[in-house]
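Structure file upload.cif (mmCIF, C-alpha atoms) follows.
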data_model
#
loop_
_atom_site.group_PDB
_atom_site.id
_atom_site.type_symbol
_atom_site.label_atom_id
_atom_site.label_comp_id
_atom_site.auth_asym_id
_atom_site.auth_seq_id
_atom_site.Cartn_x
_atom_site.Cartn_y
_atom_site.Cartn_z
ATOM 1 C CA MET A 663 0.000 0.000 0.000
ATOM 2 C CA LYS A 664 2.779 2.414 0.960
ATOM 3 C CA SER A 665 4.622 1.487 -2.219
ATOM 4 C CA THR A 666 1.561 2.262 -4.317
ATOM 5 C CA LEU A 667 1.026 5.568 -2.487
ATOM 6 C CA SER A 668 4.663 6.515 -2.980
ATOM 7 C CA ARG A 669 4.463 5.814 -6.695
ATOM 8 C CA LEU A 670 1.287 7.918 -6.920
ATOM 9 C CA VAL A 671 2.992 10.844 -5.170
ATOM 10 C CA LEU A 672 5.974 10.579 -7.519
ATOM 11 C CA ILE A 673 3.689 10.580 -10.562
ATOM 12 C CA ILE A 674 1.832 13.683 -9.303
ATOM 13 C CA LEU A 675 5.143 15.456 -8.646
ATOM 14 C CA ALA A 676 6.441 14.540 -12.095
ATOM 15 C CA LEU A 677 3.291 15.857 -13.720
ATOM 16 C CA ALA A 678 3.563 19.088 -11.757
ATOM 17 C CA VAL A 679 7.192 19.567 -12.815
ATOM 18 C CA ALA A 680 6.310 18.844 -16.450
ATOM 19 C CA SER A 681 3.438 21.315 -16.251
ATOM 20 C CA CYS A 682 5.692 24.052 -14.845
ATOM 21 C CA SER A 683 8.332 23.270 -17.428
ATOM 22 C CA GLY A 684 5.731 23.517 -20.183
ATOM 23 C CA LYS A 685 4.608 26.905 -18.909
ATOM 24 C CA ARG A 686 8.164 28.191 -18.887
ATOM 25 C CA ALA A 687 8.686 26.971 -22.435
ATOM 26 C CA SER A 688 5.459 28.621 -23.545
ATOM 27 C CA SER A 689 6.259 31.916 -21.839
ATOM 28 C CA SER A 690 9.672 31.997 -23.502
ATOM 29 C CA THR A 691 8.074 32.119 -26.970
ATOM 30 C CA LEU A 692 8.138 35.644 -28.344
ATOM 31 C CA SER A 693 4.748 37.181 -29.102
ATOM 32 C CA ILE A 694 4.707 39.823 -31.841
ATOM 33 C CA ALA A 695 1.595 41.938 -32.384
ATOM 34 C CA VAL A 696 1.211 43.029 -36.014
ATOM 35 C CA ILE A 697 -1.208 45.950 -36.339
ATOM 36 C CA PRO A 698 -2.071 47.132 -39.887
ATOM 37 C CA LYS A 699 -4.017 50.244 -40.886
ATOM 38 C CA GLY A 700 -6.875 48.034 -42.039
ATOM 39 C CA THR A 701 -7.641 44.407 -42.733
ATOM 40 C CA SER A 702 -9.890 44.314 -45.804
ATOM 41 C CA HIS A 703 -7.629 45.265 -48.723
ATOM 42 C CA ILE A 704 -5.413 42.762 -50.537
ATOM 43 C CA PHE A 705 -2.408 44.903 -49.574
ATOM 44 C CA TRP A 706 -2.913 44.151 -45.873
ATOM 45 C CA GLN A 707 -3.626 40.489 -46.546
ATOM 46 C CA SER A 708 -0.266 40.354 -48.314
ATOM 47 C CA ILE A 709 1.407 42.058 -45.342
ATOM 48 C CA ARG A 710 -0.088 39.396 -43.088
ATOM 49 C CA ALA A 711 1.182 36.579 -45.316
ATOM 50 C CA GLY A 712 4.716 37.941 -45.105
ATOM 51 C CA ALA A 713 4.530 38.473 -41.352
ATOM 52 C CA GLU A 714 3.243 34.965 -40.695
ATOM 53 C CA ARG A 715 5.885 33.461 -42.959
ATOM 54 C CA ALA A 716 8.583 35.196 -40.901
ATOM 55 C CA GLY A 717 6.873 34.067 -37.688
ATOM 56 C CA LYS A 718 6.985 30.441 -38.774
ATOM 57 C CA GLU A 719 10.637 30.669 -39.775
ATOM 58 C CA LEU A 720 11.612 32.278 -36.469
ATOM 59 C CA GLY A 721 9.339 30.236 -34.213
ATOM 60 C CA VAL A 722 7.517 33.263 -32.800
ATOM 61 C CA GLU A 723 3.820 33.873 -32.225
ATOM 62 C CA ILE A 724 2.247 36.390 -34.641
ATOM 63 C CA ILE A 725 -0.895 38.123 -33.375
ATOM 64 C CA TRP A 726 -2.676 39.893 -36.234
ATOM 65 C CA ARG A 727 -5.205 42.554 -35.227
ATOM 66 C CA GLY A 728 -6.223 45.852 -36.727
ATOM 67 C CA PRO A 729 -9.178 48.080 -37.584
ATOM 68 C CA LEU A 730 -11.455 47.111 -40.451
ATOM 69 C CA ARG A 731 -11.500 50.633 -41.882
ATOM 70 C CA GLU A 732 -8.401 52.664 -42.626
ATOM 71 C CA ASP A 733 -9.845 55.785 -40.994
ATOM 72 C CA ASP A 734 -10.609 54.264 -37.577
ATOM 73 C CA ARG A 735 -7.829 55.910 -35.561
ATOM 74 C CA ASP A 736 -9.476 55.278 -32.196
ATOM 75 C CA SER A 737 -9.673 51.557 -32.883
ATOM 76 C CA GLN A 738 -5.988 51.356 -33.805
ATOM 77 C CA VAL A 739 -4.977 53.379 -30.744
ATOM 78 C CA SER A 740 -6.986 50.931 -28.600
ATOM 79 C CA GLU A 741 -5.275 47.964 -30.254
ATOM 80 C CA VAL A 742 -1.813 49.328 -29.439
ATOM 81 C CA GLU A 743 -2.820 50.188 -25.872
ATOM 82 C CA GLY A 744 -4.282 46.719 -25.419
ATOM 83 C CA PHE A 745 -1.113 44.971 -26.555
ATOM 84 C CA VAL A 746 1.002 47.218 -24.316
ATOM 85 C CA SER A 747 -1.165 46.258 -21.327
ATOM 86 C CA ARG A 748 -0.966 42.619 -22.344
ATOM 87 C CA GLY A 749 2.814 42.812 -22.361
ATOM 88 C CA VAL A 750 3.639 41.361 -25.770
ATOM 89 C CA SER A 751 7.291 40.948 -26.727
ATOM 90 C CA GLY A 752 7.123 43.492 -29.552
ATOM 91 C CA ILE A 753 4.766 45.469 -31.779
ATOM 92 C CA VAL A 754 4.861 45.926 -35.558
ATOM 93 C CA LEU A 755 2.643 48.876 -36.489
ATOM 94 C CA ALA A 756 1.442 50.683 -39.626
ATOM 95 C CA PRO A 757 0.196 53.961 -38.118
ATOM 96 C CA LEU A 758 -3.143 55.275 -39.332
ATOM 97 C CA ASP A 759 -2.064 58.736 -38.250
ATOM 98 C CA GLU A 760 1.509 59.981 -38.009
ATOM 99 C CA THR A 761 0.649 61.996 -34.880
ATOM 100 C CA ALA A 762 -2.196 60.172 -33.109
ATOM 101 C CA LEU A 763 -0.135 57.005 -32.613
ATOM 102 C CA GLN A 764 2.842 58.814 -31.090
ATOM 103 C CA GLY A 765 1.525 58.542 -27.527
ATOM 104 C CA PRO A 766 0.712 54.809 -27.607
ATOM 105 C CA VAL A 767 4.113 54.041 -29.159
ATOM 106 C CA ALA A 768 5.850 56.143 -26.492
ATOM 107 C CA ASP A 769 3.938 54.182 -23.838
ATOM 108 C CA ALA A 770 5.144 50.920 -25.398
ATOM 109 C CA LYS A 771 8.726 52.140 -25.242
ATOM 110 C CA GLY A 772 8.210 53.105 -21.596
ATOM 111 C CA ARG A 773 7.132 49.521 -20.891
ATOM 112 C CA ASN A 774 10.221 48.167 -22.704
ATOM 113 C CA ILE A 775 8.120 46.870 -25.603
ATOM 114 C CA PRO A 776 9.977 47.695 -28.840
ATOM 115 C CA VAL A 777 8.017 48.909 -31.866
ATOM 116 C CA VAL A 778 8.852 48.597 -35.548
ATOM 117 C CA ILE A 779 6.906 50.967 -37.803
ATOM 118 C CA PHE A 780 6.031 49.767 -41.295
ATOM 119 C CA ASP A 781 4.320 51.109 -44.414
ATOM 120 C CA SER A 782 3.590 54.624 -43.116
ATOM 121 C CA GLY A 783 5.769 56.902 -41.007
ATOM 122 C CA LEU A 784 5.317 58.110 -37.430
ATOM 123 C CA LYS A 785 6.523 61.345 -35.901
ATOM 124 C CA GLY A 786 9.034 61.060 -33.072
ATOM 125 C CA ASN A 787 11.807 58.562 -32.376
ATOM 126 C CA ASP A 788 10.222 56.019 -30.041
ATOM 127 C CA TYR A 789 10.417 53.176 -32.556
ATOM 128 C CA VAL A 790 13.440 51.016 -33.376
ATOM 129 C CA SER A 791 13.117 50.782 -37.180
ATOM 130 C CA PHE A 792 10.979 51.903 -40.124
ATOM 131 C CA VAL A 793 10.302 49.270 -42.816
ATOM 132 C CA ALA A 794 8.589 50.698 -45.882
ATOM 133 C CA THR A 795 8.503 51.682 -49.520
ATOM 134 C CA ASP A 796 10.229 54.910 -50.519
ATOM 135 C CA ASN A 797 6.840 56.554 -51.020
ATOM 136 C CA LEU A 798 8.225 59.838 -52.326
ATOM 137 C CA GLN A 799 10.036 57.906 -55.052
ATOM 138 C CA GLY A 800 6.881 55.885 -55.743
ATOM 139 C CA GLY A 801 4.889 59.052 -56.318
ATOM 140 C CA GLU A 802 7.581 60.414 -58.617
ATOM 141 C CA LEU A 803 7.607 57.193 -60.631
ATOM 142 C CA GLY A 804 3.837 57.372 -60.944
ATOM 143 C CA GLY A 805 4.041 60.965 -62.144
ATOM 144 C CA ASP A 806 6.736 60.117 -64.675
ATOM 145 C CA ARG A 807 4.646 57.230 -66.019
ATOM 146 C CA LEU A 808 1.546 59.417 -66.351
ATOM 147 C CA ALA A 809 3.519 62.141 -68.134
ATOM 148 C CA ASP A 810 4.881 59.531 -70.532
ATOM 149 C CA ALA A 811 1.398 58.175 -71.248
ATOM 150 C CA MET A 812 0.175 61.749 -71.890
ATOM 151 C CA HIS A 813 3.163 62.512 -74.176
ATOM 152 C CA GLY A 814 4.072 65.384 -71.874
ATOM 153 C CA LYS A 815 1.003 67.567 -72.424
ATOM 154 C CA GLY A 816 -2.482 68.073 -71.076
ATOM 155 C CA LYS A 817 -4.382 68.644 -67.831
ATOM 156 C CA VAL A 818 -4.165 66.309 -64.825
ATOM 157 C CA ILE A 819 -5.902 65.810 -61.511
ATOM 158 C CA LEU A 820 -4.429 64.386 -58.312
ATOM 159 C CA LEU A 821 -7.084 62.727 -56.161
ATOM 160 C CA ARG A 822 -5.651 62.619 -52.650
ATOM 161 C CA TYR A 823 -6.359 59.830 -50.148
ATOM 162 C CA ALA A 824 -6.923 61.130 -46.572
ATOM 163 C CA GLU A 825 -5.219 63.570 -44.240
ATOM 164 C CA GLY A 826 -2.750 62.409 -41.596
ATOM 165 C CA HIS A 827 -1.317 59.445 -43.549
ATOM 166 C CA ASP A 828 2.432 59.828 -44.017
ATOM 167 C CA SER A 829 2.718 57.220 -46.793
ATOM 168 C CA THR A 830 0.085 58.603 -49.158
ATOM 169 C CA ALA A 831 1.083 62.213 -48.412
ATOM 170 C CA LYS A 832 4.601 61.405 -49.611
ATOM 171 C CA ARG A 833 3.267 59.698 -52.743
ATOM 172 C CA GLU A 834 1.133 62.735 -53.509
ATOM 173 C CA GLN A 835 4.118 65.028 -53.003
ATOM 174 C CA GLY A 836 6.296 62.824 -55.199
ATOM 175 C CA PHE A 837 3.681 62.978 -57.937
ATOM 176 C CA LEU A 838 3.533 66.777 -57.758
ATOM 177 C CA ASP A 839 7.341 66.941 -57.830
ATOM 178 C CA ALA A 840 7.293 64.914 -61.045
ATOM 179 C CA MET A 841 4.685 67.237 -62.553
ATOM 180 C CA LYS A 842 6.887 70.277 -61.871
ATOM 181 C CA LYS A 843 9.336 68.883 -64.412
ATOM 182 C CA GLN A 844 6.653 68.777 -67.101
ATOM 183 C CA THR A 845 6.305 72.163 -68.797
ATOM 184 C CA GLY A 846 3.466 70.917 -71.003
ATOM 185 C CA ILE A 847 1.289 69.503 -68.201
ATOM 186 C CA GLU A 848 -1.030 71.556 -66.007
ATOM 187 C CA VAL A 849 -2.205 70.232 -62.623
ATOM 188 C CA VAL A 850 -5.767 71.580 -62.420
ATOM 189 C CA SER A 851 -6.644 70.054 -59.023
ATOM 190 C CA SER A 852 -4.349 68.737 -56.287
ATOM 191 C CA ASN A 853 -6.046 69.477 -52.960
ATOM 192 C CA GLN A 854 -9.156 67.287 -52.923
ATOM 193 C CA TYR A 855 -9.430 64.127 -50.785
ATOM 194 C CA VAL A 856 -11.606 61.133 -51.636
ATOM 195 C CA GLY A 857 -11.349 59.371 -48.264
ATOM 196 C CA ALA A 858 -10.376 55.981 -46.907
ATOM 197 C CA ASP A 859 -13.243 53.627 -47.810
ATOM 198 C CA VAL A 860 -14.073 52.552 -51.355
ATOM 199 C CA GLU A 861 -17.738 53.561 -51.407
ATOM 200 C CA GLY A 862 -17.056 57.008 -49.986
ATOM 201 C CA ALA A 863 -14.135 57.443 -52.380
ATOM 202 C CA TYR A 864 -16.355 56.454 -55.305
ATOM 203 C CA LYS A 865 -18.923 59.142 -54.491
ATOM 204 C CA ARG A 866 -16.307 61.810 -53.892
ATOM 205 C CA ALA A 867 -14.287 60.949 -57.011
ATOM 206 C CA GLU A 868 -17.432 60.950 -59.156
ATOM 207 C CA SER A 869 -18.416 64.361 -57.790
ATOM 208 C CA ILE A 870 -14.956 65.816 -58.455
ATOM 209 C CA LEU A 871 -14.671 64.407 -61.971
ATOM 210 C CA SER A 872 -18.214 65.432 -62.895
ATOM 211 C CA SER A 873 -17.234 69.046 -62.336
ATOM 212 C CA TYR A 874 -14.869 68.661 -65.326
ATOM 213 C CA LYS A 875 -17.493 67.134 -67.603
ATOM 214 C CA LYS A 876 -17.925 68.847 -70.973
ATOM 215 C CA PRO A 877 -21.293 69.376 -72.716
ATOM 216 C CA ASP A 878 -20.777 66.243 -74.827
ATOM 217 C CA GLY A 879 -20.265 64.148 -71.638
ATOM 218 C CA SER A 880 -16.527 63.667 -72.024
ATOM 219 C CA LEU A 881 -14.001 64.832 -69.443
ATOM 220 C CA GLY A 882 -12.080 68.071 -69.826
ATOM 221 C CA ILE A 883 -8.938 66.534 -68.363
ATOM 222 C CA ASP A 884 -6.294 64.259 -69.812
ATOM 223 C CA GLY A 885 -4.768 62.438 -66.808
ATOM 224 C CA LEU A 886 -5.436 61.157 -63.296
ATOM 225 C CA PHE A 887 -3.280 59.940 -60.409
ATOM 226 C CA THR A 888 -4.483 58.163 -57.258
ATOM 227 C CA PRO A 889 -2.175 57.222 -54.356
ATOM 228 C CA ASN A 890 -3.434 53.909 -52.918
ATOM 229 C CA GLU A 891 -5.552 50.802 -53.509
ATOM 230 C CA SER A 892 -8.942 52.120 -52.383
ATOM 231 C CA SER A 893 -8.700 55.452 -54.211
ATOM 232 C CA THR A 894 -7.462 53.740 -57.378
ATOM 233 C CA PHE A 895 -10.178 51.072 -57.384
ATOM 234 C CA ALA A 896 -12.936 53.603 -56.613
ATOM 235 C CA THR A 897 -11.764 55.955 -59.378
ATOM 236 C CA LEU A 898 -11.504 53.076 -61.856
ATOM 237 C CA ARG A 899 -15.134 52.190 -61.128
ATOM 238 C CA VAL A 900 -16.192 55.816 -61.632
ATOM 239 C CA LEU A 901 -14.466 55.931 -65.018
ATOM 240 C CA GLN A 902 -16.026 52.640 -66.091
ATOM 241 C CA ASP A 903 -19.544 53.496 -64.903
ATOM 242 C CA ASN A 904 -19.535 56.875 -66.659
ATOM 243 C CA GLY A 905 -18.045 55.764 -69.962
ATOM 244 C CA TRP A 906 -14.769 57.597 -69.338
ATOM 245 C CA ALA A 907 -12.522 54.536 -68.965
ATOM 246 C CA GLY A 908 -9.756 54.459 -71.559
ATOM 247 C CA LYS A 909 -10.479 58.065 -72.581
ATOM 248 C CA VAL A 910 -8.291 59.619 -69.902
ATOM 249 C CA LYS A 911 -4.793 58.467 -68.937
ATOM 250 C CA PHE A 912 -4.796 56.941 -65.484
ATOM 251 C CA VAL A 913 -2.016 55.801 -63.131
ATOM 252 C CA GLY A 914 -2.750 54.378 -59.680
ATOM 253 C CA PHE A 915 -0.939 52.920 -56.691
ATOM 254 C CA ASP A 916 -0.966 49.306 -55.385
ATOM 255 C CA SER A 917 -2.858 46.463 -57.027
ATOM 256 C CA SER A 918 -5.841 44.157 -56.758
ATOM 257 C CA GLU A 919 -7.528 41.704 -59.106
ATOM 258 C CA ASN A 920 -9.823 44.370 -60.576
ATOM 259 C CA MET A 921 -7.007 46.869 -60.987
ATOM 260 C CA VAL A 922 -4.816 44.297 -62.751
ATOM 261 C CA LYS A 923 -7.726 43.623 -65.104
ATOM 262 C CA GLY A 924 -7.947 47.368 -65.741
ATOM 263 C CA LEU A 925 -4.257 47.371 -66.601
ATOM 264 C CA ARG A 926 -4.709 44.441 -68.978
ATOM 265 C CA ASP A 927 -7.770 46.056 -70.600
ATOM 266 C CA GLY A 928 -5.876 49.302 -71.191
ATOM 267 C CA VAL A 929 -8.026 51.513 -68.950
ATOM 268 C CA LEU A 930 -5.165 51.838 -66.475
ATOM 269 C CA ASP A 931 -1.871 53.040 -67.899
ATOM 270 C CA GLY A 932 0.257 52.110 -64.918
ATOM 271 C CA LEU A 933 0.267 50.854 -61.350
ATOM 272 C CA VAL A 934 2.963 51.791 -58.873
ATOM 273 C CA VAL A 935 3.378 48.618 -56.847
ATOM 274 C CA GLN A 936 5.066 47.844 -53.571
ATOM 275 C CA ASP A 937 6.098 44.466 -52.174
ATOM 276 C CA PRO A 938 3.779 44.038 -49.167
ATOM 277 C CA VAL A 939 4.721 40.399 -48.591
ATOM 278 C CA LYS A 940 8.367 41.429 -48.284
ATOM 279 C CA MET A 941 7.387 44.370 -46.075
ATOM 280 C CA GLY A 942 5.501 42.193 -43.577
ATOM 281 C CA TYR A 943 8.278 39.621 -43.626
ATOM 282 C CA LEU A 944 11.094 42.096 -42.995
ATOM 283 C CA ALA A 945 9.147 43.995 -40.336
ATOM 284 C CA VAL A 946 8.798 40.835 -38.223
ATOM 285 C CA LYS A 947 12.379 39.732 -38.902
ATOM 286 C CA THR A 948 13.590 43.177 -37.806
ATOM 287 C CA ILE A 949 11.655 43.310 -34.515
ATOM 288 C CA VAL A 950 12.795 39.802 -33.570
ATOM 289 C CA ALA A 951 16.427 40.613 -34.404
ATOM 290 C CA HIS A 952 16.205 43.708 -32.185
ATOM 291 C CA ILE A 953 14.689 41.740 -29.308
ATOM 292 C CA LYS A 954 17.532 39.236 -29.568
ATOM 293 C CA GLY A 955 20.115 42.023 -29.360
ATOM 294 C CA GLN A 956 21.201 41.966 -32.990
ATOM 295 C CA ALA A 957 22.095 45.131 -34.886
ATOM 296 C CA ILE A 958 19.313 46.434 -37.159
ATOM 297 C CA GLU A 959 18.964 49.299 -39.620
ATOM 298 C CA LYS A 960 16.892 52.337 -38.668
ATOM 299 C CA ARG A 961 15.391 52.521 -42.171
ATOM 300 C CA ILE A 962 14.714 49.561 -44.450
ATOM 301 C CA ASP A 963 13.520 50.219 -48.022
ATOM 302 C CA THR A 964 11.347 47.413 -49.431
ATOM 303 C CA GLY A 965 11.343 48.635 -53.039
ATOM 304 C CA VAL A 966 8.858 50.091 -55.538
ATOM 305 C CA HIS A 967 8.121 49.403 -59.222
ATOM 306 C CA VAL A 968 5.911 50.688 -62.028
ATOM 307 C CA VAL A 969 3.868 48.055 -63.837
ATOM 308 C CA THR A 970 2.499 48.921 -67.270
ATOM 309 C CA PRO A 971 0.463 47.020 -69.876
ATOM 310 C CA ALA A 972 3.755 46.443 -71.688
ATOM 311 C CA ASN A 973 5.698 44.834 -68.805
ATOM 312 C CA MET A 974 2.956 43.295 -66.652
ATOM 313 C CA ASN A 975 3.663 39.760 -67.872
ATOM 314 C CA GLU A 976 7.363 39.861 -67.031
ATOM 315 C CA PRO A 977 8.129 37.379 -64.204
ATOM 316 C CA GLU A 978 9.120 39.986 -61.598
ATOM 317 C CA MET A 979 6.127 42.204 -62.278
ATOM 318 C CA ASN A 980 3.745 39.267 -62.494
ATOM 319 C CA GLN A 981 4.899 38.102 -59.058
ATOM 320 C CA LEU A 982 4.218 41.543 -57.580
ATOM 321 C CA LEU A 983 0.757 41.647 -59.155
ATOM 322 C CA HIS A 984 -0.114 38.076 -58.163
ATOM 323 C CA PRO A 985 1.729 37.198 -54.907
ATOM 324 C CA ASP A 986 1.268 33.613 -53.762
ATOM 325 C CA LEU A 987 -0.136 34.305 -50.291
ATOM 326 C CA ALA A 988 -0.374 30.593 -49.545
ATOM 327 C CA LYS A 989 3.400 30.406 -49.286
#

Let me see the structure of the file written as structure tokens.
Amino acid sequence: MKSTLSRLVLIILALAVASCSGKRASSSTLSIAVIPKGTSHIFWQSIRAGAERAGKELGVEIIWRGPLREDDRDSQVSEVEGFVSRGVSGIVLAPLDETALQGPVADAKGRNIPVVIFDSGLKGNDYVSFVATDNLQGGELGGDRLADAMHGKGKVILLRYAEGHDSTAKREQGFLDAMKKQTGIEVVSSNQYVGADVEGAYKRAESILSSYKKPDGSLGIDGLFTPNESSTFATLRVLQDNGWAGKVKFVGFDSSENMVKGLRDGVLDGLVVQDPVKMGYLAVKTIVAHIKGQAIEKRIDTGVHVVTPANMNEPEMNQLLHPDLAK
């Protein structure tokens, strides 16, 4: 009887030790919160694919959470604050607002939770690295492509995205910088915003473009530039629904299935594309390297390209337009 009791006690002790050991092993796994601007667009889904790929390679937990809409600042602030309270190992953040997220990021730093900023910049210096496209260059490339499609003459409109977004503001500025080099092109509107969601952007873009409609129903402009996925898709729909598609030169930013079709059909003359899979991947790799005490770069450029109807089937461009998110 005593022997049986002794064996039972030993088994219980062994289970307790194993349980404690398991908890220690679990708690030693790094947890990285990845917080995008939004979660609905293909761009953010591609970011997630890259982040999760890096997480698997590194053996870290990736927690993906963000607002549904790209104008919900309060929701994103709450997400950051929640992860700071939770005590995650690190945060990877695409700020919806270059100012509004300063406080939450400073709080994270105060709690010794490092933050890597990706996609769009943040004011201040409370983050350890910035992983993103050179958005100023992207805007310039888009402007150069539009000027080329217009043969260097005509009237153009810039449809801005939304205020407070560092990434799109730089693209818009880059576009305007490119236009300054074009003596034969006149920018007739550059200060109107279409907003963050597709439906709202559609209505606003249609209203703006309708003000340039001529008596015969055609548009009195020759070119258009839009700085992100939602504004480009919404404007493409406006052009198609009003019979203007293909009659005005159009260059957008980012890509989706419908926008790639527009490129193939010749109603889009160019798409400035990033590499969101690479961006998500490098952002996670960077935060983990920092946590482990490795040297990292303060600024990491993830590249930018212009895809046109002429080069869209080239292997590199095709991969950017159709990333294999399953990998």

Give me the residues of region 906-988 of chain A that have any atom at most 8 Å from an atom of region 765-786 of chain A; for each, the nearest atom pair and the distance in Å, rounded to one decimal. Use all atoms listed in the file, sort by chain and number, and format it as a Markdown table.
| residue | atom | partner | partner_atom | distance |
| --- | --- | --- | --- | --- |
| A:Met941 | CA | A:Phe780 | CA | 7.3 |
| A:Gly942 | CA | A:Phe780 | CA | 7.9 |
| A:Ala945 | CA | A:Phe780 | CA | 6.6 |
| A:Thr948 | CA | A:Val778 | CA | 7.5 |
| A:Ile949 | CA | A:Val778 | CA | 6.1 |
| A:Ile953 | CA | A:Pro776 | CA | 7.6 |

Create the file for the chosen residues now, containing C-alpha atoms and written as a CSV table (one decimal), in the coordinates of the input.
chain,number,residue,atom,x,y,z
A,941,MET,CA,7.4,44.4,-46.1
A,942,GLY,CA,5.5,42.2,-43.6
A,945,ALA,CA,9.1,44.0,-40.3
A,948,THR,CA,13.6,43.2,-37.8
A,949,ILE,CA,11.7,43.3,-34.5
A,953,ILE,CA,14.7,41.7,-29.3

Judged by all atoms listed in the file, the minimum distance to Val966 (chain A) among A:Gln799, A:Ser690, A:Thr701, A:Ser869 is found for A:Gln799

- Item | Test item: residues at most 8 Å from Leu803 (chain A), only C-alpha atoms, excluding those fewer than 3 positions along its chain, as a list in words | Gln799, Gly800, Asp806, Arg807, Gly836, Phe837, Ala840, Val934, His967 and Val968 of chain A

With C-alpha atoms retained, export the selected residues as an mmCIF file, in the frame of the given file.
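part.cif, freshly written:
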data_model
loop_
_atom_site.group_PDB
_atom_site.id
_atom_site.type_symbol
_atom_site.label_atom_id
_atom_site.label_comp_id
_atom_site.auth_asym_id
_atom_site.auth_seq_id
_atom_site.Cartn_x
_atom_site.Cartn_y
_atom_site.Cartn_z
ATOM 1 C CA GLN A 799 10.036 57.906 -55.052
ATOM 2 C CA GLY A 800 6.881 55.885 -55.743
ATOM 3 C CA ASP A 806 6.736 60.117 -64.675
ATOM 4 C CA ARG A 807 4.646 57.230 -66.019
ATOM 5 C CA GLY A 836 6.296 62.824 -55.199
ATOM 6 C CA PHE A 837 3.681 62.978 -57.937
ATOM 7 C CA ALA A 840 7.293 64.914 -61.045
ATOM 8 C CA VAL A 934 2.963 51.791 -58.873
ATOM 9 C CA HIS A 967 8.121 49.403 -59.222
ATOM 10 C CA VAL A 968 5.911 50.688 -62.028
#

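Every protein, DNA or RNA residue with an atom at most 8 Å from region 888-896 of chain A, where all atoms listed in the file count and chain neighbours fewer than 4 positions away do not, is listed here: His703, Phe705, Gly801, Leu820, Leu821, Arg822, Tyr823, Thr830, Arg833, Glu834, Val856, Gly857, Ala858, Asp859, Val860, Glu861, Ala863, Tyr864, Ala867, Val900, Val913, Gly914, Phe915, Asp916, Ser917, Ser918, Asn920 and Met921 of chain A.
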
* To do: Name the residues in contact with Leu871 (chain A) at a cut-off of 12 Å, using only C-alpha atoms, excluding same-chain residues fewer than 6 positions from it; report them as number ranges by chain.
  => A: 818-821, 850-851, 854, 856, 863-865, 879-886, 897-898, 900-901, 904, 906, 910

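Residues surrounding Lys832 (chain A) within 7 Å are A:Asn797, A:Leu798, A:Asp828, A:Ser829, A:Gln835, A:Gly836 [all atoms listed in the file; sequence separation below 3 positions excluded].
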
Could you save those same residues with C-alpha atoms as a PDB file, in the frame of the given file?
ATOM      1  CA  ASN A 797       6.840  56.554 -51.020  1.00  0.00           C
ATOM      2  CA  LEU A 798       8.225  59.838 -52.326  1.00  0.00           C
ATOM      3  CA  ASP A 828       2.432  59.828 -44.017  1.00  0.00           C
ATOM      4  CA  SER A 829       2.718  57.220 -46.793  1.00  0.00           C
ATOM      5  CA  GLN A 835       4.118  65.028 -53.003  1.00  0.00           C
ATOM      6  CA  GLY A 836       6.296  62.824 -55.199  1.00  0.00           C
TER       7      GLY A 836
END

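Considering the residues A:Ala951, A:Ala809, A:Thr795, A:Leu730 and counting only C-alpha atoms, Gly752 (chain A) has its shortest atom-to-atom contact with A:Ala951.
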
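Proximity ranking of A:Asp878, A:Thr964, A:Leu983, A:Leu944 relative to Leu925 (chain A) places A:Leu983 first, based on only C-alpha atoms.
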
Might you pull out every residue within 8 Å of Gln738 (chain A), with all atoms listed in the file counted and same-chain residues fewer than 2 positions away left off, and present them as a ChimeraX atom specification? /A:697,699,728-729,734-736,740-742,757-758

Could you tell me, as a CSV table (one decimal) with C-alpha atoms, in the frame of the given file, which residues have any atom at most 10 Å from (3.0, 67.4, -67.3), counting only C-alpha atoms?
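And here is the file that came out, selection-v1.csv:
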chain,number,residue,atom,x,y,z
A,805,GLY,CA,4.0,61.0,-62.1
A,806,ASP,CA,6.7,60.1,-64.7
A,808,LEU,CA,1.5,59.4,-66.4
A,809,ALA,CA,3.5,62.1,-68.1
A,810,ASP,CA,4.9,59.5,-70.5
A,812,MET,CA,0.2,61.7,-71.9
A,813,HIS,CA,3.2,62.5,-74.2
A,814,GLY,CA,4.1,65.4,-71.9
A,815,LYS,CA,1.0,67.6,-72.4
A,816,GLY,CA,-2.5,68.1,-71.1
A,817,LYS,CA,-4.4,68.6,-67.8
A,818,VAL,CA,-4.2,66.3,-64.8
A,838,LEU,CA,3.5,66.8,-57.8
A,840,ALA,CA,7.3,64.9,-61.0
A,841,MET,CA,4.7,67.2,-62.6
A,842,LYS,CA,6.9,70.3,-61.9
A,843,LYS,CA,9.3,68.9,-64.4
A,844,GLN,CA,6.7,68.8,-67.1
A,845,THR,CA,6.3,72.2,-68.8
A,846,GLY,CA,3.5,70.9,-71.0
A,847,ILE,CA,1.3,69.5,-68.2
A,848,GLU,CA,-1.0,71.6,-66.0
A,849,VAL,CA,-2.2,70.2,-62.6
A,885,GLY,CA,-4.8,62.4,-66.8

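Shortest atom-to-atom contact with Tyr789 (chain A) among A:Ala831, A:Ile724, A:Ile753, A:Val935: A:Ile753, counting all atoms listed in the file.
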
List, as a VMD selection string, every residue that the PyMOL selection byres ((chain A and resi 984) around 12) selects in the file provided.
-> chain A and resid 704 to 705 708 916 to 923 935 to 939 974 to 983 985 to 988

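Counting all atoms listed in the file, the residue from A:Val793, A:Ala811, A:Ile709, A:Ile870 that sits nearest to Leu930 (chain A) is A:Ala811.
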
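What separates CA of Ile725 (chain A) from CA of Glu760 (chain A) is a distance of 22.5 Å.
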
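Each of A:Lys909, A:Lys940, A:Arg899, A:Lys947 was checked against Gly924 (chain A) using all atoms listed in the file; the smallest atom-to-atom distance is that of A:Arg899.
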